[in-house]
Protein chains: 2
Amino acid sequence: MNLSTTGGDHLPADDSFQLHMQKLPVKDSSVLETLYGLGNGHMGIRASNPLQGSQSNQDGQPGMFVNGFFDLSEITYGENYPGFPQNAQAIAELPDPRYLIFEIDGERSDEVAFDVKSVDKNLDMKTGRLLEIFEVISPSNKTIRLTMQSFVSHDQPNLFVVTYSVSATNFDGAVTIIKQHRYTNRQIDNSNDVRADQQTGQLERTFIDNQTTAMLLTTRKSQLSLLIAFQPLDGLDQLKFSIMDELPSYGRTFDLTAGLNVQFGFVYSVGDPHPLMDMSLNRDRYAKEALDRTTSQTFRALYDASCRQLDAFWETSDVEVGGDATLARGIRFNLFNLYQSAGRDGLTSIPAKGLTGAGYGGHYFWDAEMFMLPFFTYTQPEIAKQLLTFRAATLPQAQQRARELNVQNGVLFPWRTINGEESSAYYPAGTAQVHINADIAYAVDTYVRVTADEDFLVKTGFNIILETARFWLSYGHFAQSGPHRGHFVIDDVTGPDEYTTMVNNNYYTNRMAKNNLIMAAKYAKLLKQQHQDLLERLGVDNAEINDFEYAADQMVLPFDRDRRVKMQDDSSMAKPFWPIDKTPNNQFPLLLHFHPMILYHYQVNKQADTVMSDFLFPADQSTDQLKRDFNYYEAITVHDSSLSRAIFGVLAHRLHLAGKAYGYFMDTALMDLTNSQGNTDAGVHAANMGGTWLSLIYGFGGLEQERGTLNFDPKLPDQWTNLTFKLKFKHRFLAVRVTQTSLTLTLLSGTDLSVFFRHQPQRLTLNQPLVISLIETT
Amino acid sequence: MNLSTTGGDHLPADDSFQLHMQKLPVKDSSVLETLYGLGNGHMGIRASNPLQGSQSNQDGQPGMFVNGFFDLSEITYGENYPGFPQNAQAIAELPDPRYLIFEIDGERSDEVAFDVKSVDKNLDMKTGRLLEIFEVISPSNKTIRLTMQSFVSHDQPNLFVVTYSVSATNFDGAVTIIKQHRYTNRQIDNSNDVRADQQTGQLERTFIDNQTTAMLLTTRKSQLSLLIAFQPLDGLDQLKFSIMDELPSYGRTFDLTAGLNVQFGFVYSVGDPHPLMDMSLNRDRYAKEALDRTTSQTFRALYDASCRQLDAFWETSDVEVGGDATLARGIRFNLFNLYQSAGRDGLTSIPAKGLTGAGYGGHYFWDAEMFMLPFFTYTQPEIAKQLLTFRAATLPQAQQRARELNVQNGVLFPWRTINGEESSAYYPAGTAQVHINADIAYAVDTYVRVTADEDFLVKTGFNIILETARFWLSYGHFAQSGPHRGHFVIDDVTGPDEYTTMVNNNYYTNRMAKNNLIMAAKYAKLLKQQHQDLLERLGVDNAEINDFEYAADQMVLPFDRDRRVKMQDDSSMAKPFWPIDKTPNNQFPLLLHFHPMILYHYQVNKQADTVMSDFLFPADQSTDQLKRDFNYYEAITVHDSSLSRAIFGVLAHRLHLAGKAYGYFMDTALMDLTNSQGNTDAGVHAANMGGTWLSLIYGFGGLEQERGTLNFDPKLPDQWTNLTFKLKFKHRFLAVRVTQTSLTLTLLSGTDLSVFFRHQPQRLTLNQPLVISLIETT
């Protein structure tokens, strides 16, 4: 097959944009399905066996996901207390658009098993095109070589395009090819992860008529609808439309004599989720739009348009590491997947597994704001804005949730959600993680400070910061007695570390709440100048601003005076240490092997918790303090969460523990490509991918916010020759290149910018590279 | 109808043994079903509409319960963590043996609705006989007067006896009467109490053959079997055996001309639960035993035998209050129900609702040991011994449970159970209430100290005390740092108050654990003299005894030095107070209206917690300390548990708050007869009934253990003329009579006994009443 006929001239030279299957350490087909998954924030498609359809009773988990398209199912509790969420949300698993049926010698691949071998896969991350070669063997031992090229459009987010090239390997004869979707509901997820133990809903599927391949998918309980249409691509061999097996289908019988190559392809239009009522009223219009998008399209035209968008992504968001090609590829894989996963319609966010799997129900967690958003804020601020707009759109649900918990002021964002309502069925490691409120506020503040997007602040951001701050005043209180008497305490919360829950004064939570309160007061004062009407509308007065400031000022931040270490919570340090060294490897993650009561009984951390505060607020502590905190918490952390290592890595870097920083980073950067957590088959670890970027830019790149601008203090691992990345900051576009000996800052667009290098002021002027030596002169 | 024909001469003179429906304040038929329920520790039968069978789709909840006969059902969790119990146990609801079918004018009461009015009910608690009069109205408006007499045998625990007397009121004609059991499974319990939200299992019912009315009931998942046989009573009109509606039945058509009275009756043999395998192997033998028990029996013979046993009960266990007949009746009702509820086969205990309802799944809680056992220990020690033997029999399950929680030494008794396995589906208010371990040990110690039953101590009791003590050493630890550094702390527990869970150093738990450890050491030393072999077999050495003593000595008992009040737990007192006064009445009980996170956030107690320790360990604190504790905790306690008021009442008495003590007591004593908790329809509050006895004897009676014997310091409420009760103590039998002016102690059997009156020694000699003036001389 001549690749150039379908767009091969976009192939880039740089090998580190190529994800060749042969070069990957993992061989498990379910993991590969995830790694080669394609997405564009609207939808995601796993790179599974194309003959497998949507059934899970075979190897692999073929499926498509549409961001925000979910069903509800009732949660059953042993004891069902007031305020417990009654509905679990779960992202819907949709028919696989890669699906194909072969018929050879009267045997159909959807009726009898055909053997399908994955011969090769390559994902070109520069262009977004996935090339796959399969060997398909019929029961009568006739072998077909099937080559697929596919991409999801980064230009038109509803479009998925796939071409198939078919040739006979060991026979001459007739092969019938059928494109249809005999959609079968997936089984209940039987994974052994307790947190995933929520049933996925079942979809109803109908074709809107017998004239077109436009199918309508409807969820049962959430009552959402989605239209999917597909038609043949122009400029290739054509399959014929007909009704087969009572389904609108495309099919044709080809005579494959040796060397003959049949090429055909399809364009899918995967619609947006609509409420069923809206869909019922406007079905014909939506169907026409969907079909129009798929009509008379060529691979080339669609591909070129998508590539242009992806080029723009890489232009601003690429990070290049020199000296380690495997790592460089791994980093690009992470950035590419972040981009593939992030919703950008203001109605969706980034699921914990991206759009590559149904793990964690496809829910959005704090991961989105605290681990993934910084990448977008600094390089794709438009997407960052959309992600925060999603949170703003769910403020009514968050307000309702606070009231359900009898919190009379402010909002409480859900710990896990798709539609803005809480979907956590175990509040100690769910709803009690109220820090998500402050996390979202923190992300808003970061976005505003990086983009200087005052319009967003006024229209959207301030309200989030305000309402989350109000929650703290209602949920926390001034202690009546005890060691914290008179100070502001926040009881009954769970910090990021889920191996201790429902504690009092979790350091991270309190520090973040303090920040939230300070920001609320700061922005309220700022907006008072020109937006007094806004403050009035939101009911903010000076007394409330004072309350914010006083509570922030009096916030308890527990500290162990003997050890001179920040305390994770009021009672954490009196507990015995979990015998990590004596715990067999197969007992990790601990949460899958030990009753919560026992886990909570020990000093053992699932992930970075108190040190996450050290990471976010570097000015809070001296290097000595950071060292004590780091050493203490590193010793009790088992990194059972994929969100942990990146934070420890950055802190190790700050402490000049080069070997350790590098080790943590390498574990982070290649987590999915090496399947090091052992569960990449269920989807990528999206937050960890964001953590990779944090490690690179905040860690080795040494980026910090300082006095309203940026401070740089980079230091590369010995193993690397250079680290190159770009940033958008306050309407400027900036290139940063770090080598072992120098830092080069280039202002690529925008007006002059003052920055700092190791806290010393520097001035950047358009297109005048500033080169700073990193060689210490003694 | 002449009552004397079926045993009327047992009618006692004392009206306060008679529970007349007309004199009760409650009219709700479901509540009356509970109040008139009959039981004998083996089985319990609700006094429901006898035409209703076992269906819940009509008014009322007819049904029979057999102690220890339960089914399992899978517990579904939103998030299912390791060590969570996977099976819920629920006491099985059995066919109602009171059930009767009438056929008049071709219409059958099991096919069309007959109107049934309860005209009168009287329970003679002295003899255990229930007399009921119903008016049964057919659809054709023919009225029958139905008089029922029934009792469960206190002589042969498997037997239930019922007679029916039928006469026509407004017609002459034929009436067909059928006795059969068209058993229908009950619906799922739809009560709105979250804690009851466990499905009841379904039974399979078969008749063992077509010749006899012996039916075999089998649970589906627990695989238990039970045989129930019934036959007509001798000496009355006879119904004829036949197969009707394909069921073995008794029936006959009577011509009821005016004034004619038909009398017939049945004796039921309700078997013991057997594993299905055992039943399968020995079914014919069990069936023969069951049928033999029911053959050729007369009401009179069975009734006389039962009365003799009940006479013996009242002889030792009666408590008489003079001056308030309603109260006197209420107290006897409570004592009678305790006796009706208590298992006495060493395989069962006392369900929270007795044997009068399926509430709380028919589970045994700490209620049995801490609220109900003292009554039995002091007046029916054989039953007390059997109840503790049940716990001993479940030590293997308790050991297994501790291991499931990764506690490597000792046992953990289940928070709620029937078969000895944990059935709690919400560990923060379930498994985390590890104080149950110390509660059971406390009850063993009390039993041994009261009965001087050394044989029980050696064979059974010590092992319980030892294994529970071992748990504390494993679950608690010596604090590494913080305010308790070096002291023994117990983290992550829930005390009796379920409105705060998973706290550190719950005062009650720690005090009870300390007691448990002290006892383990004490008894180990004691047994070393003569039972060294036992200690060796149980692996107790001096080092372990020292460990027990040291941990007990170093046990943290949190105390607020500013308020000079015992702290419920390490962090309780810094929390804000729940606005009890501002909470609408319809928001109680709070647990049914507020999310746990919020409840836990405030100082608000469901029930006596810290003051329960004051109650159990009077020597721990001065009167001033008790006063401070009482005032503090009374103000934050909402008594949402029926276990609360009795404790506060006793403490109020000790503080000479006579009005308050009397008020709490009256709320306690008449709780079910007045349906003051609003849910007596689901069964009696058995623990509260035990609480009544505690209030009377430990409160007004002023009984305490002191220096190996008893101390008395009684004081009656002004409203009463006398309080009279009996006690068994160290092989003596003792009568106590308190009036406003005197205390009279009479040793009815046994050797001389030294006791104390207000800590001054007194000597009791057989049959020589010791009269002590209670008039203070100044």
# chains A, B, ... in the order shown; residues from 1 in each chain; ligands from 1

call {"tool": "interface_residues", "arguments": {"of": "chain A", "to": "chain B", "cutoff": "8 Å", "atoms": "only C-alpha atoms", "output": "VMD selection string"}}
result
chain A and resid 75 to 84 194 to 198 404 to 406 424 to 426 432 477 479 to 482 484 to 485 491 to 492 560 571 573 to 576 591 to 598 600 to 601

call {"tool": "write_last_selection", "arguments": {"atoms": "N, CA and C atoms", "output": "short mmCIF file (atom, residue, chain, number, x, y, z; two decimals), in the first residue's frame"}}
result
data_model
loop_
_atom_site.label_atom_id
_atom_site.label_comp_id
_atom_site.auth_asym_id
_atom_site.auth_seq_id
_atom_site.Cartn_x
_atom_site.Cartn_y
_atom_site.Cartn_z
N ILE A 75 -27.00 3.44 43.13
CA ILE A 75 -25.99 2.93 44.05
C ILE A 75 -26.71 2.21 45.18
N THR A 76 -26.27 1.00 45.47
CA THR A 76 -26.85 0.27 46.59
C THR A 76 -25.87 0.33 47.75
N TYR A 77 -26.36 0.70 48.90
CA TYR A 77 -25.52 0.75 50.09
C TYR A 77 -25.99 -0.29 51.09
N GLY A 78 -25.05 -0.86 51.82
CA GLY A 78 -25.44 -1.72 52.94
C GLY A 78 -26.26 -0.91 53.93
N GLU A 79 -25.80 0.28 54.24
CA GLU A 79 -26.59 1.21 55.05
C GLU A 79 -26.58 2.54 54.31
N ASN A 80 -27.75 3.01 54.02
CA ASN A 80 -27.91 4.15 53.11
C ASN A 80 -28.29 5.39 53.90
N TYR A 81 -27.31 6.22 54.22
CA TYR A 81 -27.54 7.38 55.08
C TYR A 81 -27.96 8.60 54.27
N PRO A 82 -28.57 9.56 54.95
CA PRO A 82 -28.98 10.78 54.25
C PRO A 82 -27.79 11.45 53.58
N GLY A 83 -28.02 11.99 52.40
CA GLY A 83 -26.97 12.72 51.70
C GLY A 83 -26.03 11.83 50.92
N PHE A 84 -26.18 10.53 51.05
CA PHE A 84 -25.36 9.66 50.21
C PHE A 84 -25.85 9.79 48.77
N VAL A 194 -11.87 -1.90 43.88
CA VAL A 194 -13.11 -1.55 44.59
C VAL A 194 -13.70 -0.23 44.12
N ARG A 195 -12.83 0.69 43.72
CA ARG A 195 -13.33 2.01 43.38
C ARG A 195 -14.05 2.03 42.04
N ALA A 196 -13.83 0.96 41.24
CA ALA A 196 -14.45 0.92 39.92
C ALA A 196 -15.74 0.13 39.95
N ASP A 197 -16.16 -0.24 41.16
CA ASP A 197 -17.25 -1.19 41.31
C ASP A 197 -18.61 -0.55 41.09
N GLN A 198 -18.74 0.17 40.04
CA GLN A 198 -20.03 0.77 39.72
C GLN A 198 -20.46 0.26 38.36
N GLU A 404 -27.22 19.85 50.73
CA GLU A 404 -27.52 18.47 51.14
C GLU A 404 -26.71 18.07 52.36
N LEU A 405 -25.53 18.66 52.46
CA LEU A 405 -24.68 18.36 53.62
C LEU A 405 -24.94 19.35 54.74
N ASN A 406 -25.99 20.13 54.60
CA ASN A 406 -26.36 21.08 55.66
C ASN A 406 -25.34 22.21 55.80
N SER A 424 -19.57 9.75 44.24
CA SER A 424 -18.73 8.94 45.11
C SER A 424 -19.59 8.13 46.06
N ALA A 425 -19.38 6.83 46.10
CA ALA A 425 -20.21 5.95 46.92
C ALA A 425 -19.55 5.64 48.25
N TYR A 426 -18.41 6.24 48.55
CA TYR A 426 -17.73 5.97 49.82
C TYR A 426 -17.18 7.31 50.29
N ALA A 432 -15.63 13.49 51.41
CA ALA A 432 -14.83 14.12 52.48
C ALA A 432 -13.57 14.79 51.95
N HIS A 477 -14.51 26.04 61.56
CA HIS A 477 -14.98 26.89 62.66
C HIS A 477 -13.78 27.27 63.52
N ALA A 479 -11.98 26.93 66.88
CA ALA A 479 -12.02 25.91 67.94
C ALA A 479 -12.41 26.52 69.27
N GLN A 480 -13.27 25.80 69.97
CA GLN A 480 -13.77 26.27 71.27
C GLN A 480 -12.78 25.98 72.39
N SER A 481 -12.03 24.93 72.20
CA SER A 481 -11.13 24.51 73.28
C SER A 481 -10.05 23.65 72.67
N GLY A 482 -9.22 23.10 73.52
CA GLY A 482 -8.17 22.22 73.04
C GLY A 482 -6.98 23.02 72.53
N HIS A 484 -6.00 24.02 69.74
CA HIS A 484 -6.19 25.01 68.69
C HIS A 484 -7.16 26.11 69.10
N ARG A 485 -7.47 26.20 70.35
CA ARG A 485 -8.51 27.12 70.80
C ARG A 485 -8.35 28.52 70.17
N ASP A 491 -12.51 20.26 60.51
CA ASP A 491 -12.59 18.88 60.98
C ASP A 491 -13.23 17.98 59.93
N ASP A 492 -13.01 16.69 60.10
CA ASP A 492 -13.74 15.69 59.32
C ASP A 492 -13.55 15.88 57.82
N ASP A 560 4.58 19.43 64.08
CA ASP A 560 5.15 18.66 65.18
C ASP A 560 6.44 19.35 65.65
N SER A 571 -3.73 14.17 64.30
CA SER A 571 -3.40 12.95 65.04
C SER A 571 -2.49 12.01 64.27
N MET A 573 0.72 11.81 63.59
CA MET A 573 2.08 11.42 63.94
C MET A 573 2.19 10.52 65.16
N ALA A 574 1.10 10.37 65.89
CA ALA A 574 1.16 9.49 67.06
C ALA A 574 0.93 8.04 66.67
N LYS A 575 0.60 7.81 65.42
CA LYS A 575 0.30 6.44 65.00
C LYS A 575 1.57 5.66 64.71
N PRO A 576 1.48 4.35 64.80
CA PRO A 576 2.66 3.54 64.45
C PRO A 576 2.88 3.54 62.93
N LEU A 591 -4.88 -0.63 49.52
CA LEU A 591 -6.33 -0.48 49.65
C LEU A 591 -7.09 -1.67 49.09
N LEU A 592 -6.44 -2.45 48.25
CA LEU A 592 -7.12 -3.63 47.73
C LEU A 592 -6.88 -4.86 48.60
N HIS A 593 -6.14 -4.67 49.70
CA HIS A 593 -5.81 -5.83 50.53
C HIS A 593 -6.08 -5.66 52.00
N PHE A 594 -6.37 -4.44 52.44
CA PHE A 594 -6.55 -4.23 53.88
C PHE A 594 -7.81 -3.41 54.14
N HIS A 595 -8.50 -3.78 55.19
CA HIS A 595 -9.70 -3.05 55.60
C HIS A 595 -9.32 -1.60 55.93
N PRO A 596 -10.17 -0.66 55.52
CA PRO A 596 -9.86 0.75 55.78
C PRO A 596 -9.51 1.03 57.25
N MET A 597 -10.24 0.43 58.17
CA MET A 597 -9.96 0.68 59.59
C MET A 597 -8.50 0.42 59.93
N ILE A 598 -7.95 -0.59 59.28
CA ILE A 598 -6.56 -0.95 59.57
C ILE A 598 -5.60 0.00 58.87
N TYR A 600 -6.09 3.04 58.11
CA TYR A 600 -6.15 4.35 58.75
C TYR A 600 -5.41 4.36 60.08
N HIS A 601 -5.09 3.19 60.53
CA HIS A 601 -4.54 2.99 61.86
C HIS A 601 -3.04 3.27 61.91
#

call {"tool": "residues_around", "arguments": {"residues": "Thr446 of chain A", "least_positions_apart": "4", "cutoff": "12 Å", "atoms": "only C-alpha atoms", "output": "PyMOL selection string"}}
result
chain A and resi 369-370+373-378+381+384-385+388+439-442+450-453+457+461+465+515-516+519+616+704-705+708-709+729-730

call {"tool": "atom_distance", "arguments": {"atom1": "atom CA of Leu748 of chain B", "atom2": "atom CA of Gln768 of chain B"}}
result
8.6 Å

call {"tool": "select_by_dssp", "arguments": {"residues": "segment 160-318 of chain A", "states": "helix (DSSP H, G or I)", "output": "number ranges by chain"}}
result
A: 194-196, 276-294, 299-317

call {"tool": "write_last_selection", "arguments": {"atoms": "N, CA and C atoms", "output": "compact mmCIF listing (two decimals), in the first residue's frame"}}
result
# COMPACT_ATOMS: atom_id res chain seq x y z
N VAL A 194 -11.87 -1.90 43.88
CA VAL A 194 -13.11 -1.55 44.59
C VAL A 194 -13.70 -0.23 44.12
N ARG A 195 -12.83 0.69 43.72
CA ARG A 195 -13.33 2.01 43.38
C ARG A 195 -14.05 2.03 42.04
N ALA A 196 -13.83 0.96 41.24
CA ALA A 196 -14.45 0.92 39.92
C ALA A 196 -15.74 0.13 39.95
N LEU A 276 -32.55 13.73 25.88
CA LEU A 276 -33.41 12.94 25.01
C LEU A 276 -34.55 13.79 24.43
N MET A 277 -35.08 14.69 25.24
CA MET A 277 -36.19 15.53 24.80
C MET A 277 -35.76 16.39 23.61
N ASP A 278 -34.59 17.01 23.75
CA ASP A 278 -34.05 17.83 22.68
C ASP A 278 -33.83 16.98 21.43
N MET A 279 -33.28 15.80 21.64
CA MET A 279 -33.03 14.92 20.49
C MET A 279 -34.34 14.52 19.82
N SER A 280 -35.34 14.25 20.63
CA SER A 280 -36.62 13.85 20.04
C SER A 280 -37.19 14.96 19.18
N LEU A 281 -37.08 16.17 19.67
CA LEU A 281 -37.66 17.30 18.94
C LEU A 281 -36.88 17.63 17.68
N ASN A 282 -35.56 17.43 17.73
CA ASN A 282 -34.71 17.91 16.64
C ASN A 282 -33.93 16.80 15.95
N ARG A 283 -34.45 15.60 16.07
CA ARG A 283 -33.69 14.46 15.59
C ARG A 283 -33.32 14.57 14.12
N ASP A 284 -34.26 14.96 13.32
CA ASP A 284 -33.99 14.99 11.87
C ASP A 284 -32.90 16.00 11.53
N ARG A 285 -32.93 17.14 12.23
CA ARG A 285 -31.90 18.14 11.98
C ARG A 285 -30.53 17.61 12.40
N TYR A 286 -30.46 17.02 13.60
CA TYR A 286 -29.17 16.48 14.05
C TYR A 286 -28.68 15.39 13.10
N ALA A 287 -29.61 14.57 12.65
CA ALA A 287 -29.22 13.47 11.75
C ALA A 287 -28.69 14.03 10.44
N LYS A 288 -29.35 15.05 9.94
CA LYS A 288 -28.90 15.65 8.68
C LYS A 288 -27.51 16.25 8.85
N GLU A 289 -27.31 16.97 9.97
CA GLU A 289 -25.98 17.54 10.24
C GLU A 289 -24.92 16.45 10.30
N ALA A 290 -25.25 15.38 10.97
CA ALA A 290 -24.28 14.30 11.12
C ALA A 290 -23.95 13.68 9.77
N LEU A 291 -25.00 13.44 8.99
CA LEU A 291 -24.77 12.82 7.69
C LEU A 291 -24.05 13.78 6.75
N ASP A 292 -24.40 15.04 6.81
CA ASP A 292 -23.72 16.02 5.96
C ASP A 292 -22.22 16.04 6.21
N ARG A 293 -21.87 15.92 7.50
CA ARG A 293 -20.44 15.94 7.84
C ARG A 293 -19.69 14.77 7.21
N THR A 294 -20.42 13.70 6.93
CA THR A 294 -19.75 12.48 6.47
C THR A 294 -19.83 12.31 4.95
N PHE A 299 -10.17 11.36 2.53
CA PHE A 299 -9.21 11.21 3.62
C PHE A 299 -8.27 12.42 3.63
N ARG A 300 -7.76 12.74 2.47
CA ARG A 300 -6.76 13.79 2.37
C ARG A 300 -7.24 15.13 2.91
N ALA A 301 -8.43 15.52 2.51
CA ALA A 301 -8.92 16.83 2.94
C ALA A 301 -9.11 16.87 4.45
N LEU A 302 -9.71 15.80 4.94
CA LEU A 302 -9.96 15.76 6.39
C LEU A 302 -8.66 15.71 7.17
N TYR A 303 -7.75 14.94 6.63
CA TYR A 303 -6.47 14.74 7.32
C TYR A 303 -5.66 16.02 7.35
N ASP A 304 -5.59 16.70 6.23
CA ASP A 304 -4.82 17.95 6.17
C ASP A 304 -5.34 18.96 7.18
N ALA A 305 -6.68 19.05 7.23
CA ALA A 305 -7.25 20.03 8.16
C ALA A 305 -6.92 19.67 9.60
N SER A 306 -6.98 18.38 9.92
CA SER A 306 -6.67 17.94 11.28
C SER A 306 -5.20 18.20 11.61
N CYS A 307 -4.34 17.90 10.64
CA CYS A 307 -2.90 18.09 10.87
C CYS A 307 -2.56 19.55 11.17
N ARG A 308 -3.24 20.44 10.49
CA ARG A 308 -2.95 21.85 10.73
C ARG A 308 -3.20 22.23 12.19
N GLN A 309 -4.30 21.69 12.74
CA GLN A 309 -4.60 21.98 14.14
C GLN A 309 -3.57 21.35 15.06
N LEU A 310 -3.18 20.14 14.71
CA LEU A 310 -2.22 19.45 15.57
C LEU A 310 -0.84 20.11 15.49
N ASP A 311 -0.53 20.60 14.29
CA ASP A 311 0.72 21.36 14.17
C ASP A 311 0.73 22.53 15.14
N ALA A 312 -0.42 23.21 15.20
CA ALA A 312 -0.50 24.36 16.09
C ALA A 312 -0.34 23.94 17.55
N PHE A 313 -0.89 22.77 17.87
CA PHE A 313 -0.71 22.26 19.24
C PHE A 313 0.76 22.08 19.56
N TRP A 314 1.44 21.35 18.68
CA TRP A 314 2.86 21.07 18.96
C TRP A 314 3.69 22.34 18.95
N GLU A 315 3.29 23.26 18.13
CA GLU A 315 4.03 24.51 18.03
C GLU A 315 4.11 25.21 19.40
N THR A 316 3.02 25.16 20.13
CA THR A 316 3.03 25.85 21.43
C THR A 316 3.27 24.91 22.61
N SER A 317 2.99 23.64 22.46
CA SER A 317 2.95 22.77 23.64
C SER A 317 4.04 21.71 23.70

call {"tool": "closest_residue", "arguments": {"among": "B:Asp172, B:Thr721, B:Arg654, B:Asp553", "to": "Asp624 of chain B", "atoms": "only C-alpha atoms"}}
result
B:Arg654
